[in-house]
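First the structure, in the form of structure tokens, and then the observations on it.
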Amino acid sequence: NDLGVKSIDVIKGPASVLYGSGALGGVILIQDDEFYKSSNKLTGNFGSTFNSVSNGLRTYGSAGQKIDNDLFVGADLAYENHADYTSGEGDIIGNSRFNMSSARIHLGIDKEKFDNKLSLTYNRQNLGIIEDDELEISKATTRNDRDMQLPFQEVTDVLVSYNQHIDHGKFESVFHVSHHFNDRKEIEEDFRLVDLGLNQNNTFYNARINFETGRFSHNIGLQGNFLKNENQSKVQEILIPNADYAENGAYYMLNWDWKSYFIQAALRYDYRQVNADASDEQFIDAGFVLPGEPESRTLESNFSGFTGSLGVTKSFSKTQKLKANLSTGYRSPDLAELYSFGQHPGTNRFEIGNANFEREQSLQLDLN
């Protein structure tokens with residue numbers, strides 16, 4: 001949700017190369033509301049909203065301040081609860097109910113040439129699943145019933161992130177590291193049983209330096225993430241194996257102001273190694289098969305490629321500009337595309353992965 005969010009930026013063109021190999025189509029960048037960095041007194045806000053189509057209630061609040069030695073602290077809390085959705089024709093759509101609890105805590109130092117922030121985010125959701133035959137055989141109960149009913153998903157996210165920015169005089173350094181834990185359960189037939197259950201741990205880093213030489217500005221960085229995906233024990237269904245991957249990349253972006261032109265170019269290279277493991281007893285008992293049925297019940301895949309972009313802006317006047325951008329990028333197949341083997345309840349089909357999938361390479365042209 002939008003708890004603690006000041007604005008959302010959409011970044012396209014060469015600048016998107018700073019955010020990942022798969023970001024060619026653009027990046028959605030969420031900016032925190034950092035009011036606590038500039039407030040010497042305890043400052044905050046709270047409120048409540050009502051959503052008529054779901055009888056939904058949401059209560060939220062934020063508070064924080066800057067204290068001695070340029071230290072700051074902030075916190076955001078929210079809870080929302082929704083009953084089943086009412087359509088435009090007045091029909092109650094059964095099991096469209098959901099609820100969510102969110103909390104965020106921020107600590108850091110904000111000085112003129114050095115600032116950093118440590119954030120902890122917790123989010124817990126229960127999400128009803130609308131079944132295909134809902135319009136013919138409705139599962140709707142009383143209008144304001146908010147108790148979860150089968151089937152539904154229970155999703156928990158914990159995100160710890162650290163951001164640092166230092167002005168060294170002749171150059172700037174930017175550093176980010178974060179760890180995201182995701183616990184996802186799909187409960188379909190019995191409240192006491194988990195049909196699909198996955199735990200995912202993802203550690204991400206980004207280190208960059210920025211500097212200028214005359215009319216040119218440069219951005220050079222390293223970026224990567226390490227992901228581990230595990231099926232929970234005693235689940236009723238398995239769709240993808242346990243797997244992990246490591247992806248690392250390097251990038252460079254150049255900005256050039258020349259007369260009435262602004263030119264931006266970027267290039268990055270990424271390498272990903274993916275390992276799948278279906279050797280655990282629960283995969284054997286479930287009849288799970290990796291593509292090609294390797295005897296070791298393990299597979300390894302590797303992907304690498306370049307992402308590049310060139311953008312030119314021509315200013316004719318204060319109100320007239322012409323922009324052109326040419327980009328090429330690649331995307332690695334995800335774990336489900338490579339290794340899935342099982343019935344996918346969300347798509348009503350049996351999915352089988354293909355470990356021979358190669359990367360996708362794309363070409364994009366924008367004119368504005």
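Residue numbering restarts at 1 in every chain; chains get A, B, ... in the order shown in the structure tokens, and ligands count up from 1 in that same order.
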
### Distance query Lys323 of chain A at most 12 Å, only C-alpha atoms, self and fewer than 3 positions along chain excluded, as a PyMOL selection string
chain A and resi 12-13+261-264+310-316+320+326+365-368

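If you count only C-alpha atoms and ignore residues fewer than 3 places along the chain from Lys113 of chain A, what sits within 8 Å of it is His165, Ile166, Asp167 and His168 of chain A.
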
Residues just named, written with all heavy atoms as a PDB file, in the first residue's frame:
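Saved as result19.pdb:
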ATOM      1  N   HIS A 165      24.581   7.794   1.265  1.00  0.00           N
ATOM      2  CA  HIS A 165      25.052   8.732   0.246  1.00  0.00           C
ATOM      3  C   HIS A 165      26.128   9.615   0.865  1.00  0.00           C
ATOM      4  O   HIS A 165      25.927  10.194   1.940  1.00  0.00           O
ATOM      5  CB  HIS A 165      23.909   9.596  -0.281  1.00  0.00           C
ATOM      6  CG  HIS A 165      24.357  10.686  -1.203  1.00  0.00           C
ATOM      7  ND1 HIS A 165      24.572  11.983  -0.777  1.00  0.00           N
ATOM      8  CD2 HIS A 165      24.670  10.674  -2.520  1.00  0.00           C
ATOM      9  CE1 HIS A 165      24.968  12.719  -1.781  1.00  0.00           C
ATOM     10  NE2 HIS A 165      25.046  11.958  -2.860  1.00  0.00           N
ATOM     11  N   ILE A 166      27.308   9.720   0.200  1.00  0.00           N
ATOM     12  CA  ILE A 166      28.419  10.526   0.703  1.00  0.00           C
ATOM     13  C   ILE A 166      28.906  11.441  -0.415  1.00  0.00           C
ATOM     14  O   ILE A 166      29.154  10.990  -1.534  1.00  0.00           O
ATOM     15  CB  ILE A 166      29.588   9.651   1.199  1.00  0.00           C
ATOM     16  CG1 ILE A 166      29.126   8.654   2.266  1.00  0.00           C
ATOM     17  CG2 ILE A 166      30.709  10.531   1.756  1.00  0.00           C
ATOM     18  CD1 ILE A 166      30.216   7.690   2.719  1.00  0.00           C
ATOM     19  N   ASP A 167      29.065  12.720  -0.097  1.00  0.00           N
ATOM     20  CA  ASP A 167      29.659  13.694  -1.023  1.00  0.00           C
ATOM     21  C   ASP A 167      31.139  13.821  -0.675  1.00  0.00           C
ATOM     22  O   ASP A 167      31.505  14.383   0.365  1.00  0.00           O
ATOM     23  CB  ASP A 167      28.948  15.037  -0.878  1.00  0.00           C
ATOM     24  CG  ASP A 167      29.459  16.072  -1.873  1.00  0.00           C
ATOM     25  OD1 ASP A 167      30.467  15.797  -2.562  1.00  0.00           O
ATOM     26  OD2 ASP A 167      28.866  17.159  -1.951  1.00  0.00           O
ATOM     27  N   HIS A 168      32.004  13.297  -1.537  1.00  0.00           N
ATOM     28  CA  HIS A 168      33.442  13.313  -1.284  1.00  0.00           C
ATOM     29  C   HIS A 168      34.125  14.542  -1.872  1.00  0.00           C
ATOM     30  O   HIS A 168      35.351  14.640  -1.855  1.00  0.00           O
ATOM     31  CB  HIS A 168      34.094  12.056  -1.879  1.00  0.00           C
ATOM     32  CG  HIS A 168      33.559  10.782  -1.319  1.00  0.00           C
ATOM     33  ND1 HIS A 168      34.069  10.173  -0.192  1.00  0.00           N
ATOM     34  CD2 HIS A 168      32.534   9.978  -1.734  1.00  0.00           C
ATOM     35  CE1 HIS A 168      33.406   9.049   0.063  1.00  0.00           C
ATOM     36  NE2 HIS A 168      32.458   8.916  -0.864  1.00  0.00           N
TER      37      HIS A 168
END

### Non-local contacts of segment 169-171 of chain A (12 Å; only C-alpha atoms; under 4 positions in same chain excluded) as a PyMOL selection string
chain A and resi 112-114+165+208-213+217-220

### Task
State, in Å with one decimal place, the distance from atom CA of Gly353 of chain A to atom CA of Ile238 of chain A.
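Interatomic distance, atom CA of Gly353 of chain A to atom CA of Ile238 of chain A: 13.2 Å.
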
### Query
If you run DSSP on this backbone, which residues of segment 258-352 of chain A come out as strand (DSSP E or B), and could you give them as a VMD selection string?
chain A and resid 258 261 to 277 298 to 315 321 to 331 341 to 344 349 to 352

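Considering only C-alpha atoms, the residue among A:Ile137, A:Leu127, A:Val274, A:Leu254 positioned nearest to Phe303 of chain A is A:Val274.
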
### Task
Determine the nearest neighbour of Asp157 of chain A from the options A:Lys117, A:His344, A:Arg124, A:Arg331, counting only C-alpha atoms.
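Of A:Lys117, A:His344, A:Arg124, A:Arg331, the one nearest Asp157 of chain A, counting only C-alpha atoms, is A:Arg124.
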
### Task
Excluding Asp195 of chain A and any residue of its chain fewer than 4 positions from it, enumerate the residues within 8 Å of it, using only C-alpha atoms, and give them as a PyMOL selection string.
chain A and resi 185-189+235-237

Got time to write the residues from that selection, C-alpha atoms, as a PDB file, in the first residue's frame?
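Written file, part.pdb:
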ATOM      1  CA  LYS A 185       0.905 -19.787   1.707  1.00  0.00           C
ATOM      2  CA  GLU A 186      -2.081 -20.804  -0.379  1.00  0.00           C
ATOM      3  CA  ILE A 187      -4.755 -22.545   1.691  1.00  0.00           C
ATOM      4  CA  GLU A 188      -7.463 -24.195  -0.395  1.00  0.00           C
ATOM      5  CA  GLU A 189      -9.225 -27.215   1.147  1.00  0.00           C
ATOM      6  CA  VAL A 235       2.718 -28.849   1.771  1.00  0.00           C
ATOM      7  CA  GLN A 236       0.044 -30.628  -0.261  1.00  0.00           C
ATOM      8  CA  GLU A 237       1.261 -29.460  -3.693  1.00  0.00           C
TER       9      GLU A 237
END

### Query
If you run DSSP on the backbone, which residues of segment 117-298 of chain A are helix (DSSP H, G or I), as an MDAnalysis selection string?
chainID A and resid 281:285

Using the selection just defined, write its residues with all heavy atoms as a PDB file, in the first residue's frame.
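part.pdb, written as the output of this step:
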ATOM      1  N   GLU A 281      13.209 -35.519  -0.089  1.00  0.00           N
ATOM      2  CA  GLU A 281      12.226 -36.609  -0.057  1.00  0.00           C
ATOM      3  C   GLU A 281      10.824 -36.147  -0.438  1.00  0.00           C
ATOM      4  O   GLU A 281      10.076 -36.890  -1.079  1.00  0.00           O
ATOM      5  CB  GLU A 281      12.203 -37.228   1.347  1.00  0.00           C
ATOM      6  CG  GLU A 281      11.573 -38.610   1.408  1.00  0.00           C
ATOM      7  CD  GLU A 281      12.431 -39.663   0.712  1.00  0.00           C
ATOM      8  OE1 GLU A 281      13.667 -39.549   0.737  1.00  0.00           O
ATOM      9  OE2 GLU A 281      11.833 -40.604   0.140  1.00  0.00           O
ATOM     10  N   GLN A 282      10.465 -34.902  -0.084  1.00  0.00           N
ATOM     11  CA  GLN A 282       9.107 -34.450  -0.386  1.00  0.00           C
ATOM     12  C   GLN A 282       8.861 -34.321  -1.894  1.00  0.00           C
ATOM     13  O   GLN A 282       7.741 -34.518  -2.353  1.00  0.00           O
ATOM     14  CB  GLN A 282       8.824 -33.123   0.320  1.00  0.00           C
ATOM     15  CG  GLN A 282       9.611 -31.935  -0.163  1.00  0.00           C
ATOM     16  CD  GLN A 282       9.119 -30.628   0.473  1.00  0.00           C
ATOM     17  OE1 GLN A 282       7.983 -30.531   0.942  1.00  0.00           O
ATOM     18  NE2 GLN A 282       9.986 -29.631   0.513  1.00  0.00           N
ATOM     19  N   PHE A 283       9.912 -34.029  -2.678  1.00  0.00           N
ATOM     20  CA  PHE A 283       9.759 -33.952  -4.124  1.00  0.00           C
ATOM     21  C   PHE A 283       9.595 -35.348  -4.728  1.00  0.00           C
ATOM     22  O   PHE A 283       8.813 -35.552  -5.656  1.00  0.00           O
ATOM     23  CB  PHE A 283      10.968 -33.251  -4.748  1.00  0.00           C
ATOM     24  CG  PHE A 283      11.112 -31.817  -4.339  1.00  0.00           C
ATOM     25  CD1 PHE A 283      12.002 -31.449  -3.338  1.00  0.00           C
ATOM     26  CD2 PHE A 283      10.355 -30.822  -4.931  1.00  0.00           C
ATOM     27  CE1 PHE A 283      12.139 -30.137  -2.954  1.00  0.00           C
ATOM     28  CE2 PHE A 283      10.480 -29.506  -4.565  1.00  0.00           C
ATOM     29  CZ  PHE A 283      11.379 -29.164  -3.559  1.00  0.00           C
ATOM     30  N   ILE A 284      10.340 -36.303  -4.192  1.00  0.00           N
ATOM     31  CA  ILE A 284      10.234 -37.692  -4.671  1.00  0.00           C
ATOM     32  C   ILE A 284       8.844 -38.242  -4.366  1.00  0.00           C
ATOM     33  O   ILE A 284       8.193 -38.855  -5.223  1.00  0.00           O
ATOM     34  CB  ILE A 284      11.332 -38.566  -4.033  1.00  0.00           C
ATOM     35  CG1 ILE A 284      12.713 -38.026  -4.433  1.00  0.00           C
ATOM     36  CG2 ILE A 284      11.163 -40.021  -4.442  1.00  0.00           C
ATOM     37  CD1 ILE A 284      13.865 -38.721  -3.721  1.00  0.00           C
ATOM     38  N   ASP A 285       8.375 -38.003  -3.143  1.00  0.00           N
ATOM     39  CA  ASP A 285       7.048 -38.497  -2.751  1.00  0.00           C
ATOM     40  C   ASP A 285       5.938 -37.856  -3.584  1.00  0.00           C
ATOM     41  O   ASP A 285       4.919 -38.487  -3.864  1.00  0.00           O
ATOM     42  CB  ASP A 285       6.796 -38.211  -1.266  1.00  0.00           C
ATOM     43  CG  ASP A 285       7.727 -39.019  -0.356  1.00  0.00           C
ATOM     44  OD1 ASP A 285       8.307 -40.014  -0.842  1.00  0.00           O
ATOM     45  OD2 ASP A 285       7.876 -38.637   0.821  1.00  0.00           O
TER      46      ASP A 285
END

### Query
In Å to one decimal, how far is atom CA of Thr86 of chain A from atom CA of Lys139 of chain A?
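Result for atom CA of Lys139 of chain A versus atom CA of Thr86 of chain A: 13.1 Å, one decimal.
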
### Message
Taking only C-alpha atoms into account, name the residue in A:Ser21, A:Asn242, A:Ser317, A:Thr49 that is nearest to Gly224 of chain A.
### Response
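Smallest distance to Gly224 of chain A is found for A:Ser21.
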
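Remark: for Asp147 of chain A, the closest of the candidate residues A:Ala246, A:Leu135, A:Ala83, A:Val194 is A:Ala83 (distances computed over only C-alpha atoms).
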